[in-house]
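Okay, structure_33.cif is below, mmCIF, C-alpha atoms:
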```cif
data_model
loop_
_atom_site.group_PDB
_atom_site.id
_atom_site.type_symbol
_atom_site.label_atom_id
_atom_site.label_comp_id
_atom_site.auth_asym_id
_atom_site.auth_seq_id
_atom_site.Cartn_x
_atom_site.Cartn_y
_atom_site.Cartn_z
ATOM 1 C CA MET R 855 -15.441 2.920 9.201
ATOM 2 C CA ARG R 856 -17.683 0.124 8.005
ATOM 3 C CA PRO R 857 -17.323 -1.276 4.473
ATOM 4 C CA ASP R 858 -20.981 -0.426 3.780
ATOM 5 C CA ASP R 859 -20.301 3.258 4.534
ATOM 6 C CA ILE R 860 -17.413 3.396 2.059
ATOM 7 C CA HIS R 861 -19.409 1.429 -0.494
ATOM 8 C CA GLN R 862 -22.218 4.012 -0.324
ATOM 9 C CA LEU R 863 -19.742 6.842 -0.889
ATOM 10 C CA LEU R 864 -18.237 5.066 -3.898
ATOM 11 C CA ARG R 865 -21.570 4.126 -5.501
ATOM 12 C CA ARG R 866 -23.345 7.430 -4.911
ATOM 13 C CA LEU R 867 -25.042 8.824 -8.035
ATOM 14 C CA PRO R 868 -23.871 11.243 -9.093
ATOM 15 C CA PHE R 869 -20.475 10.471 -7.632
ATOM 16 C CA ARG R 870 -19.067 13.213 -5.386
ATOM 17 C CA PRO R 871 -15.312 13.269 -4.820
ATOM 18 C CA PHE R 872 -14.378 13.026 -1.155
ATOM 19 C CA ARG R 873 -11.433 12.943 1.200
ATOM 20 C CA LEU R 874 -10.751 10.475 3.972
ATOM 21 C CA VAL R 875 -9.060 11.429 7.233
ATOM 22 C CA LEU R 876 -7.129 8.624 8.928
ATOM 23 C CA SER R 877 -6.339 8.007 12.573
ATOM 24 C CA ASN R 878 -2.739 9.197 11.985
ATOM 25 C CA ASN R 879 -4.069 12.471 10.470
ATOM 26 C CA LEU R 880 -3.098 11.518 6.912
ATOM 27 C CA VAL R 881 -5.618 12.581 4.300
ATOM 28 C CA HIS R 882 -6.397 10.837 0.991
ATOM 29 C CA GLU R 883 -8.717 12.142 -1.701
ATOM 30 C CA ILE R 884 -10.794 10.000 -4.035
ATOM 31 C CA HIS R 885 -11.702 11.890 -7.202
ATOM 32 C CA HIS R 886 -13.273 9.004 -9.126
ATOM 33 C CA ARG R 887 -14.826 5.725 -8.022
ATOM 34 C CA ASP R 888 -12.707 3.770 -10.516
ATOM 35 C CA PHE R 889 -9.598 4.655 -8.500
ATOM 36 C CA ALA R 890 -10.848 2.813 -5.399
ATOM 37 C CA SER R 891 -11.213 -0.862 -4.588
ATOM 38 C CA LEU R 892 -12.964 -2.037 -1.431
ATOM 39 C CA THR R 893 -12.719 -5.303 0.473
ATOM 40 C CA ARG R 894 -14.182 -6.228 3.848
ATOM 41 C CA SER R 895 -11.294 -4.641 5.754
ATOM 42 C CA LEU R 896 -9.195 -2.687 3.249
ATOM 43 C CA LEU R 897 -9.610 0.216 0.845
ATOM 44 C CA LYS R 898 -7.093 0.514 -1.990
ATOM 45 C CA ILE R 899 -6.786 3.915 -3.627
ATOM 46 C CA GLY R 900 -4.987 4.377 -6.927
ATOM 47 C CA PHE R 901 -3.324 7.628 -7.916
ATOM 48 C CA PRO R 902 -2.553 7.907 -11.642
ATOM 49 C CA SER R 903 0.990 8.916 -12.451
ATOM 50 C CA GLY R 904 0.039 11.297 -15.233
ATOM 51 C CA GLU R 905 2.535 9.473 -17.458
ATOM 52 C CA GLU R 906 0.430 7.826 -20.169
ATOM 53 C CA GLU R 907 3.353 5.883 -21.562
ATOM 54 C CA ASP R 908 4.188 4.186 -18.227
ATOM 55 C CA PRO R 909 1.063 3.128 -16.290
ATOM 56 C CA GLU R 910 3.285 1.055 -13.973
ATOM 57 C CA GLN R 911 4.213 4.289 -12.190
ATOM 58 C CA GLU R 912 0.736 4.471 -10.678
ATOM 59 C CA LYS R 913 0.799 4.801 -6.901
ATOM 60 C CA VAL R 914 -1.532 2.577 -4.862
ATOM 61 C CA VAL R 915 -2.230 3.036 -1.167
ATOM 62 C CA GLY R 916 -3.922 0.405 1.006
ATOM 63 C CA ILE R 917 -5.835 1.659 4.037
ATOM 64 C CA ALA R 918 -7.274 -0.506 6.811
ATOM 65 C CA LEU R 919 -10.883 0.584 7.288
ATOM 66 C CA VAL R 920 -10.450 0.743 11.069
ATOM 67 C CA HIS R 921 -8.121 3.728 10.539
ATOM 68 C CA ILE R 922 -10.652 5.844 8.630
ATOM 69 C CA VAL R 923 -12.088 8.266 11.170
ATOM 70 C CA GLN R 924 -13.818 10.826 8.958
ATOM 71 C CA TYR R 925 -14.888 11.622 5.424
ATOM 72 C CA GLU R 926 -15.640 14.978 3.816
ATOM 73 C CA PHE R 927 -17.055 15.758 0.407
ATOM 74 C CA LEU R 928 -14.726 17.950 -1.617
ATOM 75 C CA PRO R 929 -15.969 21.444 -2.440
ATOM 76 C CA ALA R 930 -17.487 21.667 -5.919
ATOM 77 C CA THR R 931 -14.710 24.016 -7.058
ATOM 78 C CA LEU R 932 -12.045 21.401 -6.246
ATOM 79 C CA ALA R 933 -14.086 18.499 -7.540
ATOM 80 C CA LYS R 934 -14.588 20.149 -10.945
ATOM 81 C CA ALA R 935 -11.116 21.637 -11.351
ATOM 82 C CA THR R 936 -9.764 21.363 -14.890
ATOM 83 C CA PRO R 937 -6.485 19.448 -15.131
ATOM 84 C CA ALA R 938 -3.577 21.597 -16.329
ATOM 85 C CA SER R 939 -3.188 19.468 -19.477
ATOM 86 C CA GLU R 940 -6.688 20.451 -20.602
ATOM 87 C CA ALA R 941 -6.290 24.190 -19.921
#
```
Would it be possible to restate this file's structure as structure tokens?
Amino acid sequence: MRPDDIHQLLRRLPFRPFRLVLSNNLVHEIHHRDFASLTRSLLKIGFPSGEEEDPEQEKVVGIALVHIVQYEFLPATLAKATPASEA
């Protein structure tokens, strides 16, 4: 996928969470634009640990853009799901 395509997904207003399908059939979801960082050939996705006292536990995945074969917007019900801590 081209960097411009990913950039458009990340900068879309209003932002819509989406999932990426990779050439090895792995799937990664991006729920907020602040958890993604784009370069010319790489997309880094951060996944918060949920542990407020230890932000170092955050998981980061780097994906070569050539391996992104598809994107899908997440259904509105998944995109607006309330985290368990707020329920």
message = At a cut-off of 8 Å, using all atoms listed in the file, what residues contact Ile884 of chain R? Leave out same-chain residues fewer than 4 positions from it and give the result as a PyMOL selection string.
response = chain R and resi 871-873+889-890+899
Could you state which residues are captured by the PyMOL selection byres ((chain R and resi 857) around 8) in this file, as a PDB file with C-alpha atoms, keeping the file's coordinate frame?
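Contents of out_37.pdb, as written:
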```pdb
ATOM      1  CA  MET R 855     -15.441   2.920   9.201  1.00  0.00           C
ATOM      2  CA  ARG R 856     -17.683   0.124   8.005  1.00  0.00           C
ATOM      3  CA  ASP R 858     -20.981  -0.426   3.780  1.00  0.00           C
ATOM      4  CA  ASP R 859     -20.301   3.258   4.534  1.00  0.00           C
ATOM      5  CA  ILE R 860     -17.413   3.396   2.059  1.00  0.00           C
ATOM      6  CA  HIS R 861     -19.409   1.429  -0.494  1.00  0.00           C
ATOM      7  CA  LEU R 892     -12.964  -2.037  -1.431  1.00  0.00           C
ATOM      8  CA  THR R 893     -12.719  -5.303   0.473  1.00  0.00           C
ATOM      9  CA  ARG R 894     -14.182  -6.228   3.848  1.00  0.00           C
ATOM     10  CA  SER R 895     -11.294  -4.641   5.754  1.00  0.00           C
ATOM     11  CA  LEU R 919     -10.883   0.584   7.288  1.00  0.00           C
TER      12      LEU R 919
END
```
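Excluding Arg887 of chain R itself and same-chain residues fewer than 5 positions from it, the residues having an atom within 8 Å of it are Leu864, Arg865 and Phe869 of chain R, counting only C-alpha atoms.
What the PyMOL selection byres ((chain R and resi 874) around 7) grabs from this file is Phe872, Arg873, Val875, Leu876, Val881, His882, Glu883, Ile922, Gln924, Tyr925 and Glu926 of chain R.
Atom CA of Gly900 of chain R is found 5.8 Å from atom CA of Lys913 of chain R.
Going from atom CA of Ser877 of chain R to atom CA of Val914 of chain R covers 18.9 Å.
Minimum atom-to-atom distances from R:Lys898, R:Ser891, R:Ser903, R:Ala930 to Ile917 of chain R were compared using only C-alpha atoms, and the lowest value belongs to R:Lys898.
When atom CA of Asp888 of chain R is paired with atom CA of Pro868 of chain R, their separation reads 13.5 Å.
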Pick from R:Asn878, R:Val915, R:His921, R:His885, whichever lies nearest to Leu863 of chain R using all atoms listed in the file = R:His885
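Proximity of R:Leu867, R:Leu880, R:Ala918, R:Leu928 to Leu896 of chain R, computed with all atoms listed in the file, is greatest for R:Ala918.
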